[in-house]
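So the structure is just underneath, and the comments pick up after that.
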Amino acid sequence: MDALALCGSLRKRSLNGAVLRAAGELWAPRGGMRIEPSLGWLPFFNQDVEESGVLPPEVAEFRERAGAAGGVLIATPEYASGTSGVLKNALEWLVGGGQLYDKPVALVSASPSALGGDRAQAWLRETLTMMGARLVADGLLIPQASAKIQDGRVVDSATVKELDELLARLYEAGCPRPPSMPEAGRADA
Ligand SMILES: Cc1cc2nc3c(=O)[nH]c(=O)nc-3n(C[C@H](O)[C@H](O)[C@H](O)COP(=O)(O)O)c2cc1C
């Protein structure tokens with residue numbers, strides 16, 4: 001299953017960006033994970049532009065990639081108790097296009113704080129629920145992330161495990177298993 005990963009931070013040494021790179025490696029046996037290069041290239045959402053029917057090429061391409069993905073992983077920083085403007089802007093472009101409708105979406109947030117970006121995730125959950133996305137699991141909070149992510153790599157093995165578990169849930173939601181065959185020889189088979 002091919003997945004799309006969105007990073008709400010534009011920072012070069014972003015903790016959330018590092019989480020997505022680790023996720024890309026963990027995802028490899030399950031398919032391809034494209035990390036959206038930079039949501040910062042998208043223009044600010046403008047309803048007039050959307051209604052004109054002529055979308056800026058960056059937006060049209062972003063919508064295409066979001067629509068084609070079997071699932072979406074979102075890593076958000078927490079800024080002023082919410083998600084980042086850049087991520088919210090990107091999601092606004094997907095509201096009218098419906099690319100996240102009924103799509104499995106998993107959330108992760110890394111923050112140096114003790115709470116791990118829980119308020120940013122709460123914000124995002126409201127927005128994504130309104131968009132009809134299928135949120136998988138509770139989302140992963142990575143508190144005290146500066147100690148767990150060093151030189152752009154997730155070095156905390158418990159965090160890597162939790163991330164892999166979240167990815168497994170995303171995969172299951174995007175590729176539900178076929179109903180299992182009855183076991184041969186079972187009395188109730
Ligand atoms: C303007 C600003 C506001 C912030 N507000 C919060 C906040 O409300 N809660 C929090 O946990 N961290 C907050 N932080 C710290 C960020 O979570 C931290 O810089 C984090 O590393 C940003 O994510 P990134 O590493 O992916 O770029 C804030 C940082 C900045 C610059």
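Residue names in the structure tokens use chain letters A, B, ... in the order shown, residue numbers from 1 in each chain, and ligand numbers from 1 in the order shown.
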Worksheet item: Can I get the residues close to ligand 1 as a PyMOL selection string, where close means within 7 Å and we count only C-alpha atoms and all ligand atoms?
Response: chain A and resi 9-11+13-17+76-82+110-113+115-117
Contact table segment 91-116 of chain A vs segment 28-47 of chain A, cut-off 12 Å, shortest pair per residue, only C-alpha atoms, as a tab-separated table:
```
residue	atom	partner	partner_atom	distance
A:Leu91	CA	A:Phe45	CA	9.2
A:Glu92	CA	A:Phe45	CA	6.4
A:Trp93	CA	A:Phe45	CA	6.1
A:Leu94	CA	A:Phe45	CA	9.8
A:Val95	CA	A:Phe45	CA	10.4
A:Gly96	CA	A:Gln47	CA	9.3
A:Gly97	CA	A:Gln47	CA	11.9
```
Can I get the selected residues back with all heavy atoms, as a PDB file, in the first residue's frame?
```
ATOM      1  N   LEU A  91      -4.441  21.157   4.626  1.00  0.00           N
ATOM      2  CA  LEU A  91      -5.681  20.389   4.792  1.00  0.00           C
ATOM      3  C   LEU A  91      -6.874  21.149   4.214  1.00  0.00           C
ATOM      4  O   LEU A  91      -7.791  20.553   3.644  1.00  0.00           O
ATOM      5  CB  LEU A  91      -5.911  20.055   6.274  1.00  0.00           C
ATOM      6  CG  LEU A  91      -4.885  19.091   6.880  1.00  0.00           C
ATOM      7  CD1 LEU A  91      -5.169  18.870   8.365  1.00  0.00           C
ATOM      8  CD2 LEU A  91      -4.858  17.758   6.142  1.00  0.00           C
ATOM      9  N   GLU A  92      -6.844  22.475   4.334  1.00  0.00           N
ATOM     10  CA  GLU A  92      -7.957  23.262   3.775  1.00  0.00           C
ATOM     11  C   GLU A  92      -8.091  23.032   2.265  1.00  0.00           C
ATOM     12  O   GLU A  92      -9.194  22.977   1.730  1.00  0.00           O
ATOM     13  CB  GLU A  92      -7.756  24.748   4.084  1.00  0.00           C
ATOM     14  CG  GLU A  92      -8.151  25.078   5.523  1.00  0.00           C
ATOM     15  CD  GLU A  92      -7.672  26.438   5.997  1.00  0.00           C
ATOM     16  OE1 GLU A  92      -7.223  27.249   5.162  1.00  0.00           O
ATOM     17  OE2 GLU A  92      -7.721  26.690   7.215  1.00  0.00           O
ATOM     18  N   TRP A  93      -6.948  22.862   1.572  1.00  0.00           N
ATOM     19  CA  TRP A  93      -7.012  22.598   0.123  1.00  0.00           C
ATOM     20  C   TRP A  93      -7.628  21.231  -0.165  1.00  0.00           C
ATOM     21  O   TRP A  93      -8.083  20.969  -1.278  1.00  0.00           O
ATOM     22  CB  TRP A  93      -5.619  22.679  -0.504  1.00  0.00           C
ATOM     23  CG  TRP A  93      -5.130  24.063  -0.778  1.00  0.00           C
ATOM     24  CD1 TRP A  93      -4.055  24.679  -0.210  1.00  0.00           C
ATOM     25  CD2 TRP A  93      -5.668  25.009  -1.717  1.00  0.00           C
ATOM     26  NE1 TRP A  93      -3.900  25.946  -0.720  1.00  0.00           N
ATOM     27  CE2 TRP A  93      -4.877  26.171  -1.649  1.00  0.00           C
ATOM     28  CE3 TRP A  93      -6.748  24.990  -2.601  1.00  0.00           C
ATOM     29  CZ2 TRP A  93      -5.120  27.303  -2.432  1.00  0.00           C
ATOM     30  CZ3 TRP A  93      -7.004  26.114  -3.384  1.00  0.00           C
ATOM     31  CH2 TRP A  93      -6.197  27.246  -3.290  1.00  0.00           C
ATOM     32  N   LEU A  94      -7.618  20.335   0.834  1.00  0.00           N
ATOM     33  CA  LEU A  94      -8.162  18.982   0.591  1.00  0.00           C
ATOM     34  C   LEU A  94      -9.626  18.855   1.014  1.00  0.00           C
ATOM     35  O   LEU A  94     -10.243  17.827   0.773  1.00  0.00           O
ATOM     36  CB  LEU A  94      -7.324  17.925   1.333  1.00  0.00           C
ATOM     37  CG  LEU A  94      -5.836  17.849   0.961  1.00  0.00           C
ATOM     38  CD1 LEU A  94      -5.161  16.717   1.733  1.00  0.00           C
ATOM     39  CD2 LEU A  94      -5.645  17.647  -0.538  1.00  0.00           C
ATOM     40  N   VAL A  95     -10.173  19.896   1.646  1.00  0.00           N
ATOM     41  CA  VAL A  95     -11.576  19.811   2.100  1.00  0.00           C
ATOM     42  C   VAL A  95     -12.488  19.705   0.884  1.00  0.00           C
ATOM     43  O   VAL A  95     -13.228  18.734   0.722  1.00  0.00           O
ATOM     44  CB  VAL A  95     -11.961  21.029   2.965  1.00  0.00           C
ATOM     45  CG1 VAL A  95     -13.453  21.003   3.297  1.00  0.00           C
ATOM     46  CG2 VAL A  95     -11.145  21.064   4.254  1.00  0.00           C
ATOM     47  N   GLY A  96     -12.389  20.689  -0.005  1.00  0.00           N
ATOM     48  CA  GLY A  96     -13.277  20.725  -1.171  1.00  0.00           C
ATOM     49  C   GLY A  96     -13.009  19.575  -2.129  1.00  0.00           C
ATOM     50  O   GLY A  96     -13.931  19.082  -2.786  1.00  0.00           O
ATOM     51  N   GLY A  97     -11.745  19.148  -2.213  1.00  0.00           N
ATOM     52  CA  GLY A  97     -11.397  18.058  -3.134  1.00  0.00           C
ATOM     53  C   GLY A  97     -11.820  16.691  -2.604  1.00  0.00           C
ATOM     54  O   GLY A  97     -11.977  15.748  -3.374  1.00  0.00           O
TER      55      GLY A  97
END
```
Practice prompt. Check the DSSP output for the backbone and give back, as a ChimeraX atom specification, the residues of chain A in alpha helix (DSSP H).
Written response: /A:15-27,47-52,57-68,85-97,118-130,145-148,157-174
Would you mind exporting C-alpha atoms of the selected residues as a short mmCIF file (atom, residue, chain, number, x, y, z; two decimals), in the first residue's frame?
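File written: again.cif
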```cif
data_model
loop_
_atom_site.label_atom_id
_atom_site.label_comp_id
_atom_site.auth_asym_id
_atom_site.auth_seq_id
_atom_site.Cartn_x
_atom_site.Cartn_y
_atom_site.Cartn_z
CA LEU A 15 11.82 16.47 15.11
CA ASN A 16 8.61 15.64 13.26
CA GLY A 17 10.49 15.42 9.98
CA ALA A 18 12.86 12.92 11.61
CA VAL A 19 9.87 10.87 12.77
CA LEU A 20 8.57 10.72 9.20
CA ARG A 21 11.95 9.60 7.86
CA ALA A 22 11.95 6.78 10.43
CA ALA A 23 8.37 5.96 9.45
CA GLY A 24 9.39 5.75 5.79
CA GLU A 25 12.03 3.13 6.66
CA LEU A 26 9.63 1.15 8.85
CA TRP A 27 6.94 1.30 6.18
CA GLN A 47 -11.97 29.91 -1.79
CA ASP A 48 -12.15 32.21 -4.85
CA VAL A 49 -9.26 30.34 -6.45
CA GLU A 50 -10.83 26.98 -5.65
CA GLU A 51 -14.19 28.07 -7.10
CA SER A 52 -12.55 29.41 -10.26
CA PRO A 57 -0.30 23.41 -10.15
CA GLU A 58 1.19 22.74 -6.68
CA VAL A 59 -2.32 22.32 -5.29
CA ALA A 60 -3.51 20.11 -8.15
CA GLU A 61 -0.45 17.85 -7.74
CA PHE A 62 -0.84 17.73 -3.97
CA ARG A 63 -4.49 16.75 -4.34
CA GLU A 64 -3.55 14.05 -6.82
CA ARG A 65 -0.96 12.55 -4.48
CA ALA A 66 -3.31 12.70 -1.50
CA GLY A 67 -6.10 11.09 -3.53
CA ALA A 68 -3.85 8.28 -4.79
CA GLY A 85 -0.60 27.00 10.06
CA VAL A 86 1.19 25.32 7.19
CA LEU A 87 -0.48 21.98 7.89
CA LYS A 88 -3.90 23.49 8.45
CA ASN A 89 -3.53 25.35 5.15
CA ALA A 90 -2.65 22.15 3.31
CA LEU A 91 -5.68 20.39 4.79
CA GLU A 92 -7.96 23.26 3.77
CA TRP A 93 -7.01 22.60 0.12
CA LEU A 94 -8.16 18.98 0.59
CA VAL A 95 -11.58 19.81 2.10
CA GLY A 96 -13.28 20.72 -1.17
CA GLY A 97 -11.40 18.06 -3.13
CA ASP A 118 -1.51 16.43 22.56
CA ARG A 119 -3.30 19.74 21.91
CA ALA A 120 -2.05 19.89 18.33
CA GLN A 121 -3.40 16.40 17.78
CA ALA A 122 -6.75 17.31 19.36
CA TRP A 123 -7.07 20.22 16.91
CA LEU A 124 -6.18 18.03 13.99
CA ARG A 125 -8.61 15.33 15.02
CA GLU A 126 -11.47 17.83 14.88
CA THR A 127 -10.46 19.06 11.44
CA LEU A 128 -9.90 15.57 10.04
CA THR A 129 -13.16 14.27 11.48
CA MET A 130 -15.00 17.13 9.78
CA ALA A 145 11.36 14.31 21.84
CA SER A 146 14.69 16.17 21.84
CA ALA A 147 16.15 13.31 23.90
CA LYS A 148 14.60 10.60 21.72
CA SER A 157 13.77 2.04 20.68
CA ALA A 158 10.43 2.26 22.54
CA THR A 159 9.41 5.15 20.28
CA VAL A 160 10.44 3.21 17.16
CA LYS A 161 8.28 0.30 18.36
CA GLU A 162 5.28 2.54 19.03
CA LEU A 163 5.69 4.15 15.63
CA ASP A 164 5.80 0.75 13.94
CA GLU A 165 2.62 -0.27 15.79
CA LEU A 166 0.88 2.89 14.57
CA LEU A 167 1.99 2.13 11.01
CA ALA A 168 0.66 -1.41 11.33
CA ARG A 169 -2.74 0.05 12.27
CA LEU A 170 -2.60 2.42 9.31
CA TYR A 171 -1.76 -0.45 6.99
CA GLU A 172 -4.57 -2.62 8.37
CA ALA A 173 -7.04 0.20 7.93
CA GLY A 174 -5.96 0.71 4.31
#
```
Practice prompt. Tell me which of A:Met131, A:Val72, A:Asp151, A:Thr83 sits closest to Val105 of chain A, counting only C-alpha atoms.
Written response: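 Once distances to Val105 of chain A are computed over only C-alpha atoms, the minimum belongs to A:Val72.
Reported to one decimal place, the separation of atom CA of Cys7 of chain A from atom CA of Leu141 of chain A is 14.7 Å.
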Item to complete: Please give the complete set of residues from chain A that DSSP, run on the backbone, assigns to strand (DSSP E or B), formatted as a PyMOL selection string.
Response: chain A and resi 3-7+33-35+71-76+79+82+104-110+134-135+140-142+149-150+153-154
Worksheet item: Any idea what the distance is between atom CA of Pro176 of chain A and atom CA of Leu4 of chain A?
Response: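 Going from atom CA of Pro176 of chain A over to atom CA of Leu4 of chain A covers 18.0 Å.
When only C-alpha atoms are used to compute distances to Met1 of chain A, the closest of the residues A:Leu55, A:Ala69, A:Val155, A:Ile142 turns out to be A:Ala69.
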Worksheet item: Could you work out how far atom CA of Ala114 of chain A lies from atom CA of Leu140 of chain A, giving the answer in Å with one decimal?
Response: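 These two atoms are separated by 13.5 Å.
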Discussion item. Under the rule that only C-alpha atoms are counted, which of A:Pro104, A:Gly98, A:Gly53, A:Ala75 is the nearest residue to Asp2 of chain A?
Written reply: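 For Asp2 of chain A, the nearest of the candidates is A:Pro104.
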